[in-house]
$ cat run_30.pdb   # PDB, C-alpha atoms, pLDDT in the B column
MODEL        1
ATOM      1  CA  MET A   1      -6.618 -22.264  -5.402  1.00 82.00           C
ATOM      2  CA  THR A   2      -5.708 -19.435  -7.759  1.00 87.00           C
ATOM      3  CA  GLU A   3      -8.159 -17.125  -5.984  1.00 89.00           C
ATOM      4  CA  TYR A   4      -6.391 -17.671  -2.651  1.00 92.00           C
ATOM      5  CA  PHE A   5      -3.202 -16.180  -4.077  1.00 92.00           C
ATOM      6  CA  GLY A   6      -5.256 -13.249  -5.314  1.00 94.00           C
ATOM      7  CA  TYR A   7      -6.868 -12.650  -1.948  1.00 95.00           C
ATOM      8  CA  ALA A   8      -3.547 -13.044  -0.092  1.00 95.00           C
ATOM      9  CA  ALA A   9      -1.946 -10.563  -2.505  1.00 95.00           C
ATOM     10  CA  GLY A  10      -4.912  -8.210  -2.085  1.00 95.00           C
ATOM     11  CA  VAL A  11      -4.912  -8.251   1.707  1.00 96.00           C
ATOM     12  CA  LEU A  12      -1.151  -7.669   1.757  1.00 94.00           C
ATOM     13  CA  THR A  13      -1.456  -4.816  -0.728  1.00 94.00           C
ATOM     14  CA  VAL A  14      -4.106  -3.050   1.338  1.00 94.00           C
ATOM     15  CA  VAL A  15      -2.223  -3.723   4.601  1.00 93.00           C
ATOM     16  CA  SER A  16       0.981  -2.345   3.055  1.00 89.00           C
ATOM     17  CA  PHE A  17      -0.485   1.149   2.904  1.00 87.00           C
ATOM     18  CA  LEU A  18      -1.431   1.142   6.600  1.00 90.00           C
ATOM     19  CA  PRO A  19       2.061   1.902   8.007  1.00 86.00           C
ATOM     20  CA  GLN A  20       2.278   4.956   5.741  1.00 87.00           C
ATOM     21  CA  VAL A  21      -1.232   6.116   6.672  1.00 92.00           C
ATOM     22  CA  ILE A  22      -0.515   5.699  10.390  1.00 92.00           C
ATOM     23  CA  ARG A  23       2.934   7.314  10.181  1.00 90.00           C
ATOM     24  CA  THR A  24       1.650  10.261   8.191  1.00 92.00           C
ATOM     25  CA  TRP A  25      -1.353  10.977  10.394  1.00 90.00           C
ATOM     26  CA  ARG A  26       0.717  10.600  13.562  1.00 93.00           C
ATOM     27  CA  THR A  27       3.779  12.650  12.570  1.00 93.00           C
ATOM     28  CA  LYS A  28       1.901  15.134  10.377  1.00 93.00           C
ATOM     29  CA  GLN A  29       5.125  15.241   8.325  1.00 91.00           C
ATOM     30  CA  THR A  30       4.468  14.888   4.604  1.00 90.00           C
ATOM     31  CA  ASP A  31       7.362  16.774   2.964  1.00 89.00           C
ATOM     32  CA  ASP A  32       9.061  13.634   1.630  1.00 87.00           C
ATOM     33  CA  LEU A  33       5.854  12.189   0.198  1.00 87.00           C
ATOM     34  CA  SER A  34       5.122  12.623  -3.477  1.00 86.00           C
ATOM     35  CA  PHE A  35       1.631  14.074  -4.065  1.00 89.00           C
ATOM     36  CA  GLY A  36       1.841  12.855  -7.666  1.00 87.00           C
ATOM     37  CA  MET A  37       2.384   9.270  -6.592  1.00 85.00           C
ATOM     38  CA  PHE A  38      -0.690   9.054  -4.413  1.00 88.00           C
ATOM     39  CA  ALA A  39      -2.895  11.027  -6.830  1.00 92.00           C
ATOM     40  CA  LEU A  40      -1.919   8.643  -9.639  1.00 92.00           C
ATOM     41  CA  LEU A  41      -2.497   5.613  -7.402  1.00 91.00           C
ATOM     42  CA  VAL A  42      -6.061   6.770  -6.718  1.00 95.00           C
ATOM     43  CA  THR A  43      -6.697   7.204 -10.463  1.00 95.00           C
ATOM     44  CA  ALA A  44      -5.126   3.825 -11.261  1.00 95.00           C
ATOM     45  CA  GLY A  45      -7.212   2.234  -8.487  1.00 96.00           C
ATOM     46  CA  GLY A  46     -10.364   3.500 -10.178  1.00 96.00           C
ATOM     47  CA  LEU A  47      -9.294   1.909 -13.465  1.00 96.00           C
ATOM     48  CA  TRP A  48      -8.459  -1.380 -11.703  1.00 96.00           C
ATOM     49  CA  ILE A  49     -11.929  -1.439 -10.126  1.00 97.00           C
ATOM     50  CA  THR A  50     -13.429  -0.968 -13.621  1.00 96.00           C
ATOM     51  CA  TYR A  51     -11.196  -3.773 -14.973  1.00 96.00           C
ATOM     52  CA  GLY A  52     -12.082  -6.004 -12.024  1.00 96.00           C
ATOM     53  CA  VAL A  53     -15.820  -5.471 -12.504  1.00 97.00           C
ATOM     54  CA  MET A  54     -15.586  -6.138 -16.259  1.00 95.00           C
ATOM     55  CA  SER A  55     -13.647  -9.376 -15.724  1.00 93.00           C
ATOM     56  CA  SER A  56     -15.466 -10.410 -12.512  1.00 94.00           C
ATOM     57  CA  ASP A  57     -12.153 -10.497 -10.679  1.00 95.00           C
ATOM     58  CA  TRP A  58     -13.045 -10.149  -7.000  1.00 95.00           C
ATOM     59  CA  PRO A  59      -9.496 -10.039  -5.601  1.00 95.00           C
ATOM     60  CA  VAL A  60      -8.757  -7.104  -7.931  1.00 96.00           C
ATOM     61  CA  ILE A  61     -12.006  -5.295  -7.026  1.00 97.00           C
ATOM     62  CA  GLY A  62     -11.592  -5.713  -3.253  1.00 96.00           C
ATOM     63  CA  THR A  63      -7.936  -4.746  -3.259  1.00 96.00           C
ATOM     64  CA  ASN A  64      -8.504  -1.540  -5.161  1.00 97.00           C
ATOM     65  CA  VAL A  65     -11.498  -0.414  -3.136  1.00 97.00           C
ATOM     66  CA  GLY A  66      -9.215  -0.721  -0.086  1.00 97.00           C
ATOM     67  CA  THR A  67      -6.176   1.008  -1.593  1.00 95.00           C
ATOM     68  CA  VAL A  68      -8.210   3.886  -3.053  1.00 97.00           C
ATOM     69  CA  ALA A  69      -9.628   4.582   0.429  1.00 97.00           C
ATOM     70  CA  LEU A  70      -6.179   4.508   2.097  1.00 95.00           C
ATOM     71  CA  ASN A  71      -4.504   6.557  -0.627  1.00 94.00           C
ATOM     72  CA  CYS A  72      -7.247   9.157  -0.260  1.00 95.00           C
ATOM     73  CA  ALA A  73      -6.403   9.293   3.463  1.00 94.00           C
ATOM     74  CA  ILE A  74      -2.708   9.903   2.648  1.00 93.00           C
ATOM     75  CA  LEU A  75      -3.611  12.537   0.050  1.00 94.00           C
ATOM     76  CA  THR A  76      -5.856  14.304   2.563  1.00 94.00           C
ATOM     77  CA  ALA A  77      -2.990  14.405   5.079  1.00 94.00           C
ATOM     78  CA  LYS A  78      -0.596  15.720   2.421  1.00 93.00           C
ATOM     79  CA  LEU A  79      -2.998  18.519   1.489  1.00 93.00           C
ATOM     80  CA  ARG A  80      -3.723  19.397   5.108  1.00 93.00           C
ATOM     81  CA  TYR A  81      -0.206  19.359   6.575  1.00 91.00           C
ATOM     82  CA  SER A  82       2.071  20.585   3.789  1.00 81.00           C
TER      83      SER A  82
ATOM     84  CA  MET B   1     -11.937  -4.123 -24.447  1.00 83.00           C
ATOM     85  CA  THR B   2     -11.649  -5.332 -20.865  1.00 87.00           C
ATOM     86  CA  GLU B   3      -7.895  -5.843 -21.297  1.00 89.00           C
ATOM     87  CA  TYR B   4      -7.430  -2.206 -22.326  1.00 92.00           C
ATOM     88  CA  PHE B   5      -8.713  -1.062 -18.936  1.00 92.00           C
ATOM     89  CA  GLY B   6      -6.300  -3.488 -17.321  1.00 94.00           C
ATOM     90  CA  TYR B   7      -3.329  -2.223 -19.296  1.00 95.00           C
ATOM     91  CA  ALA B   8      -4.305   1.426 -18.721  1.00 95.00           C
ATOM     92  CA  ALA B   9      -4.616   0.712 -15.004  1.00 95.00           C
ATOM     93  CA  GLY B  10      -1.296  -1.142 -15.038  1.00 95.00           C
ATOM     94  CA  VAL B  11       0.658   1.571 -16.832  1.00 96.00           C
ATOM     95  CA  LEU B  12      -0.799   4.205 -14.496  1.00 94.00           C
ATOM     96  CA  THR B  13       0.050   2.097 -11.440  1.00 94.00           C
ATOM     97  CA  VAL B  14       3.672   1.673 -12.502  1.00 94.00           C
ATOM     98  CA  VAL B  15       3.966   5.340 -13.525  1.00 93.00           C
ATOM     99  CA  SER B  16       2.522   6.404 -10.159  1.00 89.00           C
ATOM    100  CA  PHE B  17       5.614   5.136  -8.332  1.00 87.00           C
ATOM    101  CA  LEU B  18       7.995   7.134 -10.550  1.00 90.00           C
ATOM    102  CA  PRO B  19       7.503  10.544  -8.820  1.00 86.00           C
ATOM    103  CA  GLN B  20       8.354   8.935  -5.475  1.00 87.00           C
ATOM    104  CA  VAL B  21      11.391   7.116  -6.894  1.00 92.00           C
ATOM    105  CA  ILE B  22      12.675  10.307  -8.562  1.00 92.00           C
ATOM    106  CA  ARG B  23      11.963  12.490  -5.506  1.00 90.00           C
ATOM    107  CA  THR B  24      13.620  10.050  -3.136  1.00 92.00           C
ATOM    108  CA  TRP B  25      16.749   9.517  -5.207  1.00 90.00           C
ATOM    109  CA  ARG B  26      17.086  13.258  -5.868  1.00 93.00           C
ATOM    110  CA  THR B  27      16.479  14.588  -2.345  1.00 93.00           C
ATOM    111  CA  LYS B  28      18.006  11.595  -0.518  1.00 93.00           C
ATOM    112  CA  GLN B  29      15.405  12.364   2.176  1.00 91.00           C
ATOM    113  CA  THR B  30      13.564   9.251   3.319  1.00 90.00           C
ATOM    114  CA  ASP B  31      12.592  10.018   6.915  1.00 90.00           C
ATOM    115  CA  ASP B  32       8.884  10.368   6.169  1.00 86.00           C
ATOM    116  CA  LEU B  33       8.719   7.168   4.121  1.00 87.00           C
ATOM    117  CA  SER B  34       7.474   3.999   5.762  1.00 85.00           C
ATOM    118  CA  PHE B  35       9.907   1.089   5.274  1.00 89.00           C
ATOM    119  CA  GLY B  36       7.090  -1.288   6.181  1.00 87.00           C
ATOM    120  CA  MET B  37       4.886  -0.011   3.384  1.00 85.00           C
ATOM    121  CA  PHE B  38       7.397  -0.564   0.620  1.00 88.00           C
ATOM    122  CA  ALA B  39       8.612  -3.914   2.007  1.00 92.00           C
ATOM    123  CA  LEU B  40       5.001  -5.160   2.105  1.00 92.00           C
ATOM    124  CA  LEU B  41       4.350  -3.842  -1.410  1.00 91.00           C
ATOM    125  CA  VAL B  42       7.285  -5.870  -2.745  1.00 95.00           C
ATOM    126  CA  THR B  43       5.949  -9.015  -1.018  1.00 95.00           C
ATOM    127  CA  ALA B  44       2.417  -8.352  -2.270  1.00 95.00           C
ATOM    128  CA  GLY B  45       3.780  -7.763  -5.785  1.00 96.00           C
ATOM    129  CA  GLY B  46       5.365 -11.205  -5.729  1.00 96.00           C
ATOM    130  CA  LEU B  47       2.007 -12.761  -4.780  1.00 96.00           C
ATOM    131  CA  TRP B  48       0.216 -10.797  -7.528  1.00 96.00           C
ATOM    132  CA  ILE B  49       2.718 -12.066 -10.104  1.00 97.00           C
ATOM    133  CA  THR B  50       1.974 -15.631  -8.923  1.00 96.00           C
ATOM    134  CA  TYR B  51      -1.781 -14.945  -9.145  1.00 96.00           C
ATOM    135  CA  GLY B  52      -1.367 -13.362 -12.591  1.00 96.00           C
ATOM    136  CA  VAL B  53       0.619 -16.325 -13.925  1.00 97.00           C
ATOM    137  CA  MET B  54      -1.919 -18.822 -12.528  1.00 95.00           C
ATOM    138  CA  SER B  55      -4.861 -16.969 -14.086  1.00 93.00           C
ATOM    139  CA  SER B  56      -2.996 -15.874 -17.277  1.00 94.00           C
ATOM    140  CA  ASP B  57      -3.743 -12.252 -16.471  1.00 95.00           C
ATOM    141  CA  TRP B  58      -1.149 -10.251 -18.390  1.00 95.00           C
ATOM    142  CA  PRO B  59      -2.126  -6.786 -17.105  1.00 95.00           C
ATOM    143  CA  VAL B  60      -1.652  -8.073 -13.540  1.00 96.00           C
ATOM    144  CA  ILE B  61       1.693  -9.730 -14.348  1.00 97.00           C
ATOM    145  CA  GLY B  62       3.139  -6.734 -16.190  1.00 96.00           C
ATOM    146  CA  THR B  63       2.007  -4.241 -13.585  1.00 96.00           C
ATOM    147  CA  ASN B  64       3.530  -6.117 -10.709  1.00 97.00           C
ATOM    148  CA  VAL B  65       6.853  -6.784 -12.386  1.00 97.00           C
ATOM    149  CA  GLY B  66       7.087  -3.009 -12.820  1.00 97.00           C
ATOM    150  CA  THR B  67       5.997  -2.049  -9.323  1.00 95.00           C
ATOM    151  CA  VAL B  68       8.253  -4.608  -7.639  1.00 97.00           C
ATOM    152  CA  ALA B  69      11.255  -3.121  -9.479  1.00 97.00           C
ATOM    153  CA  LEU B  70      10.347   0.470  -8.512  1.00 95.00           C
ATOM    154  CA  ASN B  71       9.525  -0.404  -4.909  1.00 94.00           C
ATOM    155  CA  CYS B  72      12.885  -2.144  -4.627  1.00 95.00           C
ATOM    156  CA  ALA B  73      14.499   1.110  -5.832  1.00 94.00           C
ATOM    157  CA  ILE B  74      12.656   3.064  -3.095  1.00 93.00           C
ATOM    158  CA  LEU B  75      13.591   0.464  -0.457  1.00 94.00           C
ATOM    159  CA  THR B  76      17.233   0.645  -1.522  1.00 94.00           C
ATOM    160  CA  ALA B  77      17.199   4.446  -1.124  1.00 94.00           C
ATOM    161  CA  LYS B  78      15.548   4.132   2.279  1.00 92.00           C
ATOM    162  CA  LEU B  79      18.203   1.694   3.473  1.00 93.00           C
ATOM    163  CA  ARG B  80      21.056   3.755   2.044  1.00 93.00           C
ATOM    164  CA  TYR B  81      20.025   7.247   3.180  1.00 91.00           C
ATOM    165  CA  SER B  82      18.309   6.781   6.540  1.00 80.00           C
TER     166      SER B  82
ENDMDL
END
$ encode --input "run_30.pdb" --output "C-alpha cells"
Amino acid sequence: MTEYFGYAAGVLTVVSFLPQVIRTWRTKQTDDLSFGMFALLVTAGGLWITYGVMSSDWPVIGTNVGTVALNCAILTAKLRYS
Amino acid sequence: MTEYFGYAAGVLTVVSFLPQVIRTWRTKQTDDLSFGMFALLVTAGGLWITYGVMSSDWPVIGTNVGTVALNCAILTAKLRYS
C-alpha cells in the first residue's frame, strides 16, 4: 500500500518535468530558466539514486533516474539556445 | 550513513529551487516557465509527503515540505505576472 503512494508520487514527479522539456525544446526560449536550478536538480538526483539504492527504495530510484534524464534534456536546451 | 545521503539529497533538492524562485520574483518574467510543471510538482510533493509519513522516511518528508513551499511561490509568481 505504502509503495503505491511512492510510485504514484514518482510517476507524477517525472511527468511534471515533461511540459517544461516540451515547451523548452519547442520554443527554444530559455532566458527565464535558471541554469542553477536544473544543474542542482541533476546533482540532487544523483544523491537520491544513491540513497534509494542504499535503502532499497525503488520508488525513489525510479523517480530520480527519470528526473535526471529530463533535467539533462532541459540543461542541454539551455546551453544550446541561450 | 544511508540517512546522510538522504538529507544531503534533500537539502540540495530544496536549494535547487531557490535560484528559480529568486530569478522569477526579481525579473517578474514567467513566460518561459511551464505552469503545468510546477502545478504537477506541488501535487507530486503532496504524494511524496504521504509516502514519507507512511514509511517514516524523514529525508523524503522534509524535502517535500520544502519543495512544495517553493513551488507554490513560483506558481504564485506565474499567476501574478503572466
$ residues_around --input "run_30.pdb" --residues "Met54 of chain B" --least-positions-apart "4" --cutoff "12 Å" --atoms "only C-alpha atoms" --output "PyMOL selection string"
(chain A and resi 1-6) or (chain B and resi 47-50+58+60-61)
$ calpha_fit_and_write --input "run_30.pdb" --fixed "chain B" --moving "chain A" --output "PDB file with C-alpha atoms, in the frame of the given file"
ATOM      1  CA  MET A   1     -11.943  -4.155 -24.477  1.00 82.00           C
ATOM      2  CA  THR A   2     -11.652  -5.328 -20.881  1.00 87.00           C
ATOM      3  CA  GLU A   3      -7.907  -5.848 -21.320  1.00 89.00           C
ATOM      4  CA  TYR A   4      -7.434  -2.205 -22.337  1.00 92.00           C
ATOM      5  CA  PHE A   5      -8.722  -1.072 -18.949  1.00 92.00           C
ATOM      6  CA  GLY A   6      -6.306  -3.504 -17.340  1.00 94.00           C
ATOM      7  CA  TYR A   7      -3.341  -2.231 -19.308  1.00 95.00           C
ATOM      8  CA  ALA A   8      -4.301   1.425 -18.724  1.00 95.00           C
ATOM      9  CA  ALA A   9      -4.625   0.706 -14.993  1.00 95.00           C
ATOM     10  CA  GLY A  10      -1.297  -1.147 -15.041  1.00 95.00           C
ATOM     11  CA  VAL A  11       0.644   1.578 -16.828  1.00 96.00           C
ATOM     12  CA  LEU A  12      -0.794   4.204 -14.478  1.00 94.00           C
ATOM     13  CA  THR A  13       0.050   2.094 -11.438  1.00 94.00           C
ATOM     14  CA  VAL A  14       3.668   1.666 -12.505  1.00 94.00           C
ATOM     15  CA  VAL A  15       3.959   5.345 -13.521  1.00 93.00           C
ATOM     16  CA  SER A  16       2.522   6.406 -10.150  1.00 89.00           C
ATOM     17  CA  PHE A  17       5.601   5.140  -8.335  1.00 87.00           C
ATOM     18  CA  LEU A  18       7.986   7.137 -10.545  1.00 90.00           C
ATOM     19  CA  PRO A  19       7.510  10.544  -8.836  1.00 86.00           C
ATOM     20  CA  GLN A  20       8.349   8.946  -5.481  1.00 87.00           C
ATOM     21  CA  VAL A  21      11.383   7.129  -6.905  1.00 92.00           C
ATOM     22  CA  ILE A  22      12.668  10.314  -8.555  1.00 92.00           C
ATOM     23  CA  ARG A  23      11.968  12.496  -5.506  1.00 90.00           C
ATOM     24  CA  THR A  24      13.622  10.058  -3.136  1.00 92.00           C
ATOM     25  CA  TRP A  25      16.756   9.525  -5.204  1.00 90.00           C
ATOM     26  CA  ARG A  26      17.110  13.253  -5.867  1.00 93.00           C
ATOM     27  CA  THR A  27      16.499  14.587  -2.344  1.00 93.00           C
ATOM     28  CA  LYS A  28      18.020  11.608  -0.522  1.00 93.00           C
ATOM     29  CA  GLN A  29      15.427  12.371   2.182  1.00 91.00           C
ATOM     30  CA  THR A  30      13.576   9.257   3.312  1.00 90.00           C
ATOM     31  CA  ASP A  31      12.597  10.015   6.929  1.00 89.00           C
ATOM     32  CA  ASP A  32       8.877  10.363   6.177  1.00 87.00           C
ATOM     33  CA  LEU A  33       8.722   7.163   4.137  1.00 87.00           C
ATOM     34  CA  SER A  34       7.479   3.999   5.771  1.00 86.00           C
ATOM     35  CA  PHE A  35       9.918   1.093   5.270  1.00 89.00           C
ATOM     36  CA  GLY A  36       7.096  -1.298   6.173  1.00 87.00           C
ATOM     37  CA  MET A  37       4.891  -0.007   3.385  1.00 85.00           C
ATOM     38  CA  PHE A  38       7.400  -0.570   0.622  1.00 88.00           C
ATOM     39  CA  ALA A  39       8.612  -3.916   2.011  1.00 92.00           C
ATOM     40  CA  LEU A  40       5.011  -5.160   2.110  1.00 92.00           C
ATOM     41  CA  LEU A  41       4.353  -3.835  -1.402  1.00 91.00           C
ATOM     42  CA  VAL A  42       7.283  -5.867  -2.741  1.00 95.00           C
ATOM     43  CA  THR A  43       5.956  -9.015  -1.025  1.00 95.00           C
ATOM     44  CA  ALA A  44       2.412  -8.362  -2.264  1.00 95.00           C
ATOM     45  CA  GLY A  45       3.783  -7.756  -5.775  1.00 96.00           C
ATOM     46  CA  GLY A  46       5.351 -11.211  -5.722  1.00 96.00           C
ATOM     47  CA  LEU A  47       2.006 -12.765  -4.784  1.00 96.00           C
ATOM     48  CA  TRP A  48       0.220 -10.789  -7.527  1.00 96.00           C
ATOM     49  CA  ILE A  49       2.722 -12.065 -10.104  1.00 97.00           C
ATOM     50  CA  THR A  50       1.980 -15.636  -8.926  1.00 96.00           C
ATOM     51  CA  TYR A  51      -1.782 -14.943  -9.152  1.00 96.00           C
ATOM     52  CA  GLY A  52      -1.362 -13.353 -12.580  1.00 96.00           C
ATOM     53  CA  VAL A  53       0.617 -16.316 -13.918  1.00 97.00           C
ATOM     54  CA  MET A  54      -1.913 -18.823 -12.535  1.00 95.00           C
ATOM     55  CA  SER A  55      -4.850 -16.963 -14.099  1.00 93.00           C
ATOM     56  CA  SER A  56      -2.997 -15.880 -17.275  1.00 94.00           C
ATOM     57  CA  ASP A  57      -3.752 -12.258 -16.464  1.00 95.00           C
ATOM     58  CA  TRP A  58      -1.156 -10.250 -18.383  1.00 95.00           C
ATOM     59  CA  PRO A  59      -2.117  -6.784 -17.108  1.00 95.00           C
ATOM     60  CA  VAL A  60      -1.653  -8.060 -13.537  1.00 96.00           C
ATOM     61  CA  ILE A  61       1.689  -9.740 -14.348  1.00 97.00           C
ATOM     62  CA  GLY A  62       3.152  -6.726 -16.181  1.00 96.00           C
ATOM     63  CA  THR A  63       2.005  -4.228 -13.583  1.00 96.00           C
ATOM     64  CA  ASN A  64       3.528  -6.116 -10.697  1.00 97.00           C
ATOM     65  CA  VAL A  65       6.850  -6.787 -12.383  1.00 97.00           C
ATOM     66  CA  GLY A  66       7.086  -2.999 -12.830  1.00 97.00           C
ATOM     67  CA  THR A  67       5.996  -2.038  -9.311  1.00 95.00           C
ATOM     68  CA  VAL A  68       8.249  -4.614  -7.627  1.00 97.00           C
ATOM     69  CA  ALA A  69      11.246  -3.127  -9.478  1.00 97.00           C
ATOM     70  CA  LEU A  70      10.347   0.471  -8.511  1.00 95.00           C
ATOM     71  CA  ASN A  71       9.525  -0.403  -4.907  1.00 94.00           C
ATOM     72  CA  CYS A  72      12.886  -2.149  -4.638  1.00 95.00           C
ATOM     73  CA  ALA A  73      14.495   1.106  -5.826  1.00 94.00           C
ATOM     74  CA  ILE A  74      12.660   3.064  -3.090  1.00 93.00           C
ATOM     75  CA  LEU A  75      13.591   0.466  -0.465  1.00 94.00           C
ATOM     76  CA  THR A  76      17.240   0.641  -1.529  1.00 94.00           C
ATOM     77  CA  ALA A  77      17.192   4.435  -1.132  1.00 94.00           C
ATOM     78  CA  LYS A  78      15.537   4.137   2.288  1.00 93.00           C
ATOM     79  CA  LEU A  79      18.192   1.688   3.479  1.00 93.00           C
ATOM     80  CA  ARG A  80      21.043   3.748   2.056  1.00 93.00           C
ATOM     81  CA  TYR A  81      20.030   7.247   3.177  1.00 91.00           C
ATOM     82  CA  SER A  82      18.305   6.780   6.531  1.00 81.00           C
TER      83      SER A  82
END
$ interface_residues --input "run_30.pdb" --of "chain A" --to "chain B" --cutoff "10 Å" --atoms "only C-alpha atoms" --output "number ranges by chain"
A: 1-24, 27-55, 59-60
$ atom_distance --input "run_30.pdb" --atom1 "atom CA of Leu70 of chain A" --atom2 "atom CA of Arg26 of chain A"
14.7 Å
$ atom_distance --input "run_30.pdb" --atom1 "atom CA of Gly66 of chain A" --atom2 "atom CA of Leu75 of chain B"
22.8 Å
$ atom_distance --input "run_30.pdb" --atom1 "atom CA of Asp57 of chain B" --atom2 "atom CA of Asn71 of chain B"
21.2 Å
$ axis_aligned_box --input "run_30.pdb" --around "segment 52-61 of chain B" --padding-each-side "4 Å" --output "AutoDock Vina command-line options"
--center_x -1.6 --center_y -12.8 --center_z -15.5 --size_x 14.6 --size_y 20.0 --size_z 13.9
$ build_atoms --input "run_30.pdb" --residues "segment 6-22 of chain B" --atoms "N, CA, C and O atoms" --output "PDB file, keeping the file's coordinate frame"
ATOM      1  N   GLY B   6      -7.346  -2.886 -18.139  1.00 94.00           N
ATOM      2  CA  GLY B   6      -6.300  -3.488 -17.321  1.00 94.00           C
ATOM      3  C   GLY B   6      -4.936  -2.903 -17.619  1.00 94.00           C
ATOM      4  O   GLY B   6      -4.172  -2.567 -16.717  1.00 94.00           O
ATOM      5  N   TYR B   7      -4.633  -2.771 -18.936  1.00 95.00           N
ATOM      6  CA  TYR B   7      -3.329  -2.223 -19.296  1.00 95.00           C
ATOM      7  C   TYR B   7      -3.219  -0.749 -18.922  1.00 95.00           C
ATOM      8  O   TYR B   7      -2.174  -0.293 -18.447  1.00 95.00           O
ATOM      9  N   ALA B   8      -4.322   0.008 -19.112  1.00 95.00           N
ATOM     10  CA  ALA B   8      -4.305   1.426 -18.721  1.00 95.00           C
ATOM     11  C   ALA B   8      -4.070   1.540 -17.215  1.00 95.00           C
ATOM     12  O   ALA B   8      -3.259   2.347 -16.749  1.00 95.00           O
ATOM     13  N   ALA B   9      -4.777   0.713 -16.455  1.00 95.00           N
ATOM     14  CA  ALA B   9      -4.616   0.712 -15.004  1.00 95.00           C
ATOM     15  C   ALA B   9      -3.188   0.334 -14.629  1.00 95.00           C
ATOM     16  O   ALA B   9      -2.577   0.929 -13.733  1.00 95.00           O
ATOM     17  N   GLY B  10      -2.643  -0.655 -15.334  1.00 95.00           N
ATOM     18  CA  GLY B  10      -1.296  -1.142 -15.038  1.00 95.00           C
ATOM     19  C   GLY B  10      -0.236  -0.098 -15.305  1.00 95.00           C
ATOM     20  O   GLY B  10       0.643   0.147 -14.467  1.00 95.00           O
ATOM     21  N   VAL B  11      -0.327   0.543 -16.480  1.00 96.00           N
ATOM     22  CA  VAL B  11       0.658   1.571 -16.832  1.00 96.00           C
ATOM     23  C   VAL B  11       0.595   2.707 -15.807  1.00 96.00           C
ATOM     24  O   VAL B  11       1.620   3.180 -15.314  1.00 96.00           O
ATOM     25  N   LEU B  12      -0.626   3.115 -15.455  1.00 94.00           N
ATOM     26  CA  LEU B  12      -0.799   4.205 -14.496  1.00 94.00           C
ATOM     27  C   LEU B  12      -0.252   3.814 -13.114  1.00 94.00           C
ATOM     28  O   LEU B  12       0.346   4.639 -12.410  1.00 94.00           O
ATOM     29  N   THR B  13      -0.450   2.562 -12.733  1.00 94.00           N
ATOM     30  CA  THR B  13       0.050   2.097 -11.440  1.00 94.00           C
ATOM     31  C   THR B  13       1.574   2.163 -11.399  1.00 94.00           C
ATOM     32  O   THR B  13       2.169   2.664 -10.439  1.00 94.00           O
ATOM     33  N   VAL B  14       2.208   1.658 -12.463  1.00 94.00           N
ATOM     34  CA  VAL B  14       3.672   1.673 -12.502  1.00 94.00           C
ATOM     35  C   VAL B  14       4.174   3.110 -12.531  1.00 94.00           C
ATOM     36  O   VAL B  14       5.079   3.490 -11.773  1.00 94.00           O
ATOM     37  N   VAL B  15       3.560   3.938 -13.399  1.00 93.00           N
ATOM     38  CA  VAL B  15       3.966   5.340 -13.525  1.00 93.00           C
ATOM     39  C   VAL B  15       3.815   6.078 -12.193  1.00 93.00           C
ATOM     40  O   VAL B  15       4.611   6.960 -11.871  1.00 93.00           O
ATOM     41  N   SER B  16       2.801   5.692 -11.410  1.00 89.00           N
ATOM     42  CA  SER B  16       2.522   6.404 -10.159  1.00 89.00           C
ATOM     43  C   SER B  16       3.679   6.317  -9.167  1.00 89.00           C
ATOM     44  O   SER B  16       3.842   7.205  -8.326  1.00 89.00           O
ATOM     45  N   PHE B  17       4.491   5.261  -9.270  1.00 87.00           N
ATOM     46  CA  PHE B  17       5.614   5.136  -8.332  1.00 87.00           C
ATOM     47  C   PHE B  17       6.827   5.958  -8.774  1.00 87.00           C
ATOM     48  O   PHE B  17       7.735   6.198  -7.986  1.00 87.00           O
ATOM     49  N   LEU B  18       6.836   6.391 -10.041  1.00 90.00           N
ATOM     50  CA  LEU B  18       7.995   7.134 -10.550  1.00 90.00           C
ATOM     51  C   LEU B  18       8.253   8.454  -9.804  1.00 90.00           C
ATOM     52  O   LEU B  18       9.412   8.745  -9.483  1.00 90.00           O
ATOM     53  N   PRO B  19       7.215   9.287  -9.540  1.00 86.00           N
ATOM     54  CA  PRO B  19       7.503  10.544  -8.820  1.00 86.00           C
ATOM     55  C   PRO B  19       8.182  10.294  -7.474  1.00 86.00           C
ATOM     56  O   PRO B  19       9.071  11.043  -7.072  1.00 86.00           O
ATOM     57  N   GLN B  20       7.742   9.228  -6.774  1.00 87.00           N
ATOM     58  CA  GLN B  20       8.354   8.935  -5.475  1.00 87.00           C
ATOM     59  C   GLN B  20       9.789   8.455  -5.644  1.00 87.00           C
ATOM     60  O   GLN B  20      10.676   8.839  -4.873  1.00 87.00           O
ATOM     61  N   VAL B  21      10.029   7.606  -6.652  1.00 92.00           N
ATOM     62  CA  VAL B  21      11.391   7.116  -6.894  1.00 92.00           C
ATOM     63  C   VAL B  21      12.308   8.298  -7.220  1.00 92.00           C
ATOM     64  O   VAL B  21      13.393   8.441  -6.641  1.00 92.00           O
ATOM     65  N   ILE B  22      11.865   9.164  -8.135  1.00 92.00           N
ATOM     66  CA  ILE B  22      12.675  10.307  -8.562  1.00 92.00           C
ATOM     67  C   ILE B  22      12.918  11.260  -7.392  1.00 92.00           C
ATOM     68  O   ILE B  22      14.053  11.679  -7.131  1.00 92.00           O
TER      69      ILE B  22
END
